[in-house]
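One file, protein-v5.pdb, is given below (PDB, C-alpha atoms and all ligand atoms).
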ATOM      1  CA  ARG A   1      62.657-148.018  16.797
ATOM      2  CA  ARG A   2      64.171-151.429  16.576
ATOM      3  CA  ILE A   3      65.938-154.224  18.362
ATOM      4  CA  VAL A   4      69.001-155.901  16.863
ATOM      5  CA  VAL A   5      69.100-159.686  17.171
ATOM      6  CA  LEU A   6      72.677-160.864  16.819
ATOM      7  CA  ASN A   7      73.611-164.531  16.621
ATOM      8  CA  GLY A   8      77.135-165.899  16.568
ATOM      9  CA  PRO A   9      78.949-168.921  15.172
ATOM     10  CA  ASN A  10      77.154-172.122  14.213
ATOM     11  CA  LEU A  11      73.736-170.720  15.046
ATOM     12  CA  ASN A  12      72.999-170.702  11.298
ATOM     13  CA  LEU A  13      72.811-174.476  11.731
ATOM     14  CA  LEU A  14      70.029-174.368  14.321
ATOM     15  CA  GLY A  15      67.423-177.011  13.692
ATOM     16  CA  THR A  16      69.929-179.683  12.717
ATOM     17  CA  ARG A  17      72.779-178.799  15.092
ATOM     18  CA  GLU A  18      72.767-181.046  18.200
ATOM     19  CA  PRO A  19      68.963-180.935  18.452
ATOM     20  CA  ASP A  20      69.094-182.666  21.836
ATOM     21  CA  VAL A  21      70.925-179.586  23.161
ATOM     22  CA  TYR A  22      69.554-176.744  21.016
ATOM     23  CA  GLY A  23      66.134-177.983  19.904
ATOM     24  CA  THR A  24      64.699-178.257  16.419
ATOM     25  CA  ASP A  25      63.690-174.658  15.755
ATOM     26  CA  THR A  26      65.725-173.039  12.993
ATOM     27  CA  LEU A  27      67.417-169.635  13.017
ATOM     28  CA  ALA A  28      64.547-168.400  10.843
ATOM     29  CA  ASP A  29      62.125-169.561  13.548
ATOM     30  CA  VAL A  30      64.154-167.719  16.201
ATOM     31  CA  GLU A  31      64.171-164.541  14.152
ATOM     32  CA  ALA A  32      60.437-164.791  13.420
ATOM     33  CA  TRP A  33      59.743-165.224  17.129
ATOM     34  CA  CYS A  34      61.806-162.118  17.939
ATOM     35  CA  ALA A  35      59.962-160.126  15.271
ATOM     36  CA  GLN A  36      56.622-161.240  16.686
ATOM     37  CA  ARG A  37      57.565-160.267  20.255
ATOM     38  CA  ALA A  38      58.985-156.933  19.090
ATOM     39  CA  ALA A  39      55.851-156.162  17.075
ATOM     40  CA  ALA A  40      53.804-156.672  20.239
ATOM     41  CA  HIS A  41      55.735-153.687  21.635
ATOM     42  CA  GLY A  42      55.471-151.640  18.437
ATOM     43  CA  LEU A  43      59.121-152.281  17.565
ATOM     44  CA  GLU A  44      60.933-153.779  14.598
ATOM     45  CA  VAL A  45      63.883-156.141  14.572
ATOM     46  CA  SER A  46      66.952-156.413  12.431
ATOM     47  CA  CYS A  47      68.545-159.827  12.592
ATOM     48  CA  ARG A  48      72.120-160.791  11.804
ATOM     49  CA  GLN A  49      74.100-163.968  12.166
ATOM     50  CA  SER A  50      77.806-164.394  11.597
ATOM     51  CA  ASN A  51      80.406-167.061  12.137
ATOM     52  CA  HIS A  52      83.077-164.342  12.231
ATOM     53  CA  GLU A  53      84.087-162.539  15.385
ATOM     54  CA  GLY A  54      84.966-159.291  13.598
ATOM     55  CA  ALA A  55      81.592-159.162  11.850
ATOM     56  CA  LEU A  56      79.938-159.427  15.252
ATOM     57  CA  VAL A  57      82.130-156.564  16.522
ATOM     58  CA  ASP A  58      81.060-154.504  13.492
ATOM     59  CA  ALA A  59      77.396-155.271  14.162
ATOM     60  CA  LEU A  60      77.716-154.205  17.815
ATOM     61  CA  GLN A  61      79.449-150.969  16.801
ATOM     62  CA  GLU A  62      76.744-150.228  14.222
ATOM     63  CA  ALA A  63      73.988-150.948  16.734
ATOM     64  CA  GLY A  64      75.661-148.706  19.293
ATOM     65  CA  ALA A  65      75.928-145.836  16.831
ATOM     66  CA  ASP A  66      72.297-145.994  15.698
ATOM     67  CA  PRO A  67      69.922-143.944  17.857
ATOM     68  CA  GLU A  68      67.003-145.991  16.509
ATOM     69  CA  VAL A  69      68.366-149.137  18.156
ATOM     70  CA  VAL A  70      66.849-149.914  21.549
ATOM     71  CA  GLY A  71      69.389-152.625  22.304
ATOM     72  CA  VAL A  72      70.857-155.911  21.189
ATOM     73  CA  VAL A  73      69.740-159.459  21.887
ATOM     74  CA  LEU A  74      73.097-161.213  21.709
ATOM     75  CA  ASN A  75      73.800-164.918  21.515
ATOM     76  CA  ALA A  76      77.535-164.830  20.905
ATOM     77  CA  ALA A  77      77.599-168.658  20.973
ATOM     78  CA  ALA A  78      81.152-169.987  21.436
ATOM     79  CA  TYR A  79      82.620-166.453  21.320
ATOM     80  CA  THR A  80      80.812-165.870  24.612
ATOM     81  CA  HIS A  81      83.520-167.890  26.282
ATOM     82  CA  THR A  82      86.525-166.418  24.462
ATOM     83  CA  SER A  83      85.971-162.946  23.077
ATOM     84  CA  VAL A  84      87.539-159.925  24.728
ATOM     85  CA  ALA A  85      86.780-158.122  21.438
ATOM     86  CA  LEU A  86      83.018-158.520  21.897
ATOM     87  CA  LEU A  87      83.267-157.448  25.536
ATOM     88  CA  ASP A  88      85.222-154.360  24.479
ATOM     89  CA  ALA A  89      82.743-153.545  21.692
ATOM     90  CA  VAL A  90      79.895-153.459  24.190
ATOM     91  CA  LYS A  91      81.968-151.346  26.576
ATOM     92  CA  ALA A  92      83.103-148.985  23.826
ATOM     93  CA  THR A  93      79.638-148.321  22.458
ATOM     94  CA  GLY A  94      77.594-148.524  25.633
ATOM     95  CA  VAL A  95      74.942-150.377  23.655
ATOM     96  CA  ARG A  96      72.365-152.172  25.783
ATOM     97  CA  VAL A  97      72.814-155.938  25.566
ATOM     98  CA  VAL A  98      70.771-158.858  26.778
ATOM     99  CA  GLU A  99      72.840-162.050  26.637
ATOM    100  CA  VAL A 100      70.873-165.091  25.540
ATOM    101  CA  HIS A 101      71.712-168.778  25.355
ATOM    102  CA  LEU A 102      69.392-171.520  24.210
ATOM    103  CA  SER A 103      71.025-174.007  26.566
ATOM    104  CA  ASN A 104      72.198-173.336  30.113
ATOM    105  CA  PRO A 105      75.984-173.143  29.766
ATOM    106  CA  HIS A 106      76.395-173.442  33.543
ATOM    107  CA  ALA A 107      74.971-176.939  33.403
ATOM    108  CA  ARG A 108      77.485-177.942  30.707
ATOM    109  CA  GLU A 109      81.275-178.279  30.339
ATOM    110  CA  PRO A 110      83.410-176.068  32.590
ATOM    111  CA  PHE A 111      84.770-174.095  29.613
ATOM    112  CA  ARG A 112      81.233-172.807  29.052
ATOM    113  CA  HIS A 113      80.944-171.441  32.589
ATOM    114  CA  THR A 114      82.882-168.270  31.800
ATOM    115  CA  SER A 115      81.173-165.508  29.853
ATOM    116  CA  TYR A 116      83.026-162.452  28.606
ATOM    117  CA  ILE A 117      79.638-160.909  27.812
ATOM    118  CA  SER A 118      77.923-161.248  31.188
ATOM    119  CA  PRO A 119      79.889-158.430  32.915
ATOM    120  CA  VAL A 120      78.512-155.938  30.384
ATOM    121  CA  ALA A 121      75.094-157.510  29.835
ATOM    122  CA  GLU A 122      72.064-155.845  31.317
ATOM    123  CA  ALA A 123      70.406-159.231  31.726
ATOM    124  CA  VAL A 124      71.291-162.836  31.012
ATOM    125  CA  ILE A 125      68.766-165.462  29.898
ATOM    126  CA  ALA A 126      70.008-169.025  29.559
ATOM    127  CA  GLY A 127      68.360-172.395  29.277
ATOM    128  CA  ALA A 128      64.939-171.157  28.175
ATOM    129  CA  GLY A 129      65.394-172.232  24.562
ATOM    130  CA  VAL A 130      63.964-170.086  21.797
ATOM    131  CA  ARG A 131      61.563-168.442  24.250
ATOM    132  CA  GLY A 132      64.593-166.838  25.896
ATOM    133  CA  TYR A 133      65.002-164.598  22.860
ATOM    134  CA  GLY A 134      61.434-163.406  23.313
ATOM    135  CA  TYR A 135      62.066-162.667  26.999
ATOM    136  CA  ALA A 136      65.112-160.647  25.987
ATOM    137  CA  VAL A 137      63.067-158.645  23.474
ATOM    138  CA  ASP A 138      60.390-158.089  26.136
ATOM    139  CA  HIS A 139      63.012-156.819  28.565
ATOM    140  CA  LEU A 140      64.562-154.351  26.127
ATOM    141  CA  ALA A 141      61.194-153.114  24.899
ATOM    142  CA  SER A 142      59.641-152.665  28.309
ATOM    143  CA  THR A 143      62.607-150.721  29.684
ATOM    144  CA  ASP A 144      63.080-148.480  26.632
ATOM    145  CA  GLY A 145      63.169-144.732  27.254
TER
HETATM  146  C1  LIG B 201      75.123-171.291  23.165
HETATM  147  C2  LIG B 201      75.996-171.943  24.247
HETATM  148  C3  LIG B 201      77.462-171.879  23.873
HETATM  149  O1  LIG B 201      78.249-172.492  24.890
HETATM  150  C4  LIG B 201      77.707-172.605  22.568
HETATM  151  O2  LIG B 201      79.053-172.456  22.177
HETATM  152  C5  LIG B 201      76.783-172.183  21.490
HETATM  153  C6  LIG B 201      75.389-171.902  21.799
HETATM  154  C7  LIG B 201      73.611-171.486  23.446
HETATM  155  O3  LIG B 201      72.827-170.775  22.831
HETATM  156  O4  LIG B 201      73.229-172.328  24.257
HETATM  157  O5  LIG B 201      77.160-172.163  20.322
HETATM  158  O6  LIG B 201      75.401-169.913  23.141
END
What's the structure tokens form of this structure?
Amino acid sequence: RRIVVLNGPNLNLLGTREPDVYGTDTLADVEAWCAQRAAAHGLEVSCRQSNHEGALVDALQEAGADPEVVGVVLNAAAYTHTSVALLDAVKATGVRVVEVHLSNPHAREPFRHTSYISPVAEAVIAGAGVRGYGYAVDHLASTDG
């Protein structure tokens, strides 16, 4: 069984993108950390990143249709604050989602205080940096089945 790790726009630039906000770990580091945490639970990961909202919708639909998928660790990045389409994809598929943010959006600009994902997320982890992804994997793995 496996966990899908889905990262949204601009997260391909992790490591060099506003390091004071997002840290210096790269997306590859994030994905390696998720794989390590998943392996500790006997699970695999499949990791995807896209800057395109529709590709993220596709990935959620695919995850929801795959019985081997335990759930999705989702950092929808800026689409968190705008995307009814991602909200609807989670609702439509019933896929388990843990919402993750590297930073704590609630401590930032007001436009980051709204999340379209939170109402359908099983758990929300924000402000814990890269470790937050590991906590999300731990949550999904330890509540599987
Ligand atoms: C983010 C927070 C969002 O507000 C922002 O648009 C991102 C990254 C985070 O991980 O802290 O791109 O999701």
Residues contacting ligand LIG 201 (chain B) - anything with an atom at most 9 Å away, using all atoms listed in the file - can you give me those as number ranges by chain?
A: 7-11, 21-22, 75-81, 99-106, 108-109, 111-113, 126-127, 129-130
Starting from the PyMOL selection byres (((chain A and resi 41-47) around 10) and not hetatm), expand the selection into actual residues of this file and give them as a ChimeraX atom specification.
/A:1-7,27-28,30-32,34-40,48-49,63,69-70,72-73,137-138,140-142
Between CA of Asp58 in chain A and CA of Ala89 in chain A, what is the spacing in Å?
8.4 Å
Care to translate the PyMOL selection byres (((chain A and resi 123) around 7) and not hetatm) into actual residues of this file, as a list of chain:residue names?
A:Val98, A:Glu99, A:Ala121, A:Glu122, A:Val124, A:Ile125
For Asn51 in chain A, which residue out of A:Leu74, A:Thr93, A:Asn12, A:Gly134 is the nearest one, using all atoms listed in the file?
A:Asn12
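What separates CA of Leu87 in chain A from CA of Ala65 in chain A is a distance of 16.3 Å.
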Go through A:Gly71, A:Gly94, A:Gly64, A:Gly23 one by one, measure the shortest atom-to-atom distance of each to Ala128 in chain A using all atoms listed in the file, and give the residue with the smallest value.
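Closest residue, counting all atoms listed in the file: A:Gly23.
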What would the selection look like, as a ChimeraX atom specification, if the PyMOL selection byres (((chain A and resi 85) around 10) and not hetatm) were run on the coordinates I just shared?
/A:53-54,56-57,79,82-84,86-91,116-117
What does the distance between CA of Gly132 in chain A and CA of Leu13 in chain A come to in Å, to one decimal place?
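Computed distance, CA of Gly132 in chain A to CA of Leu13 in chain A, equals 18.1 Å.
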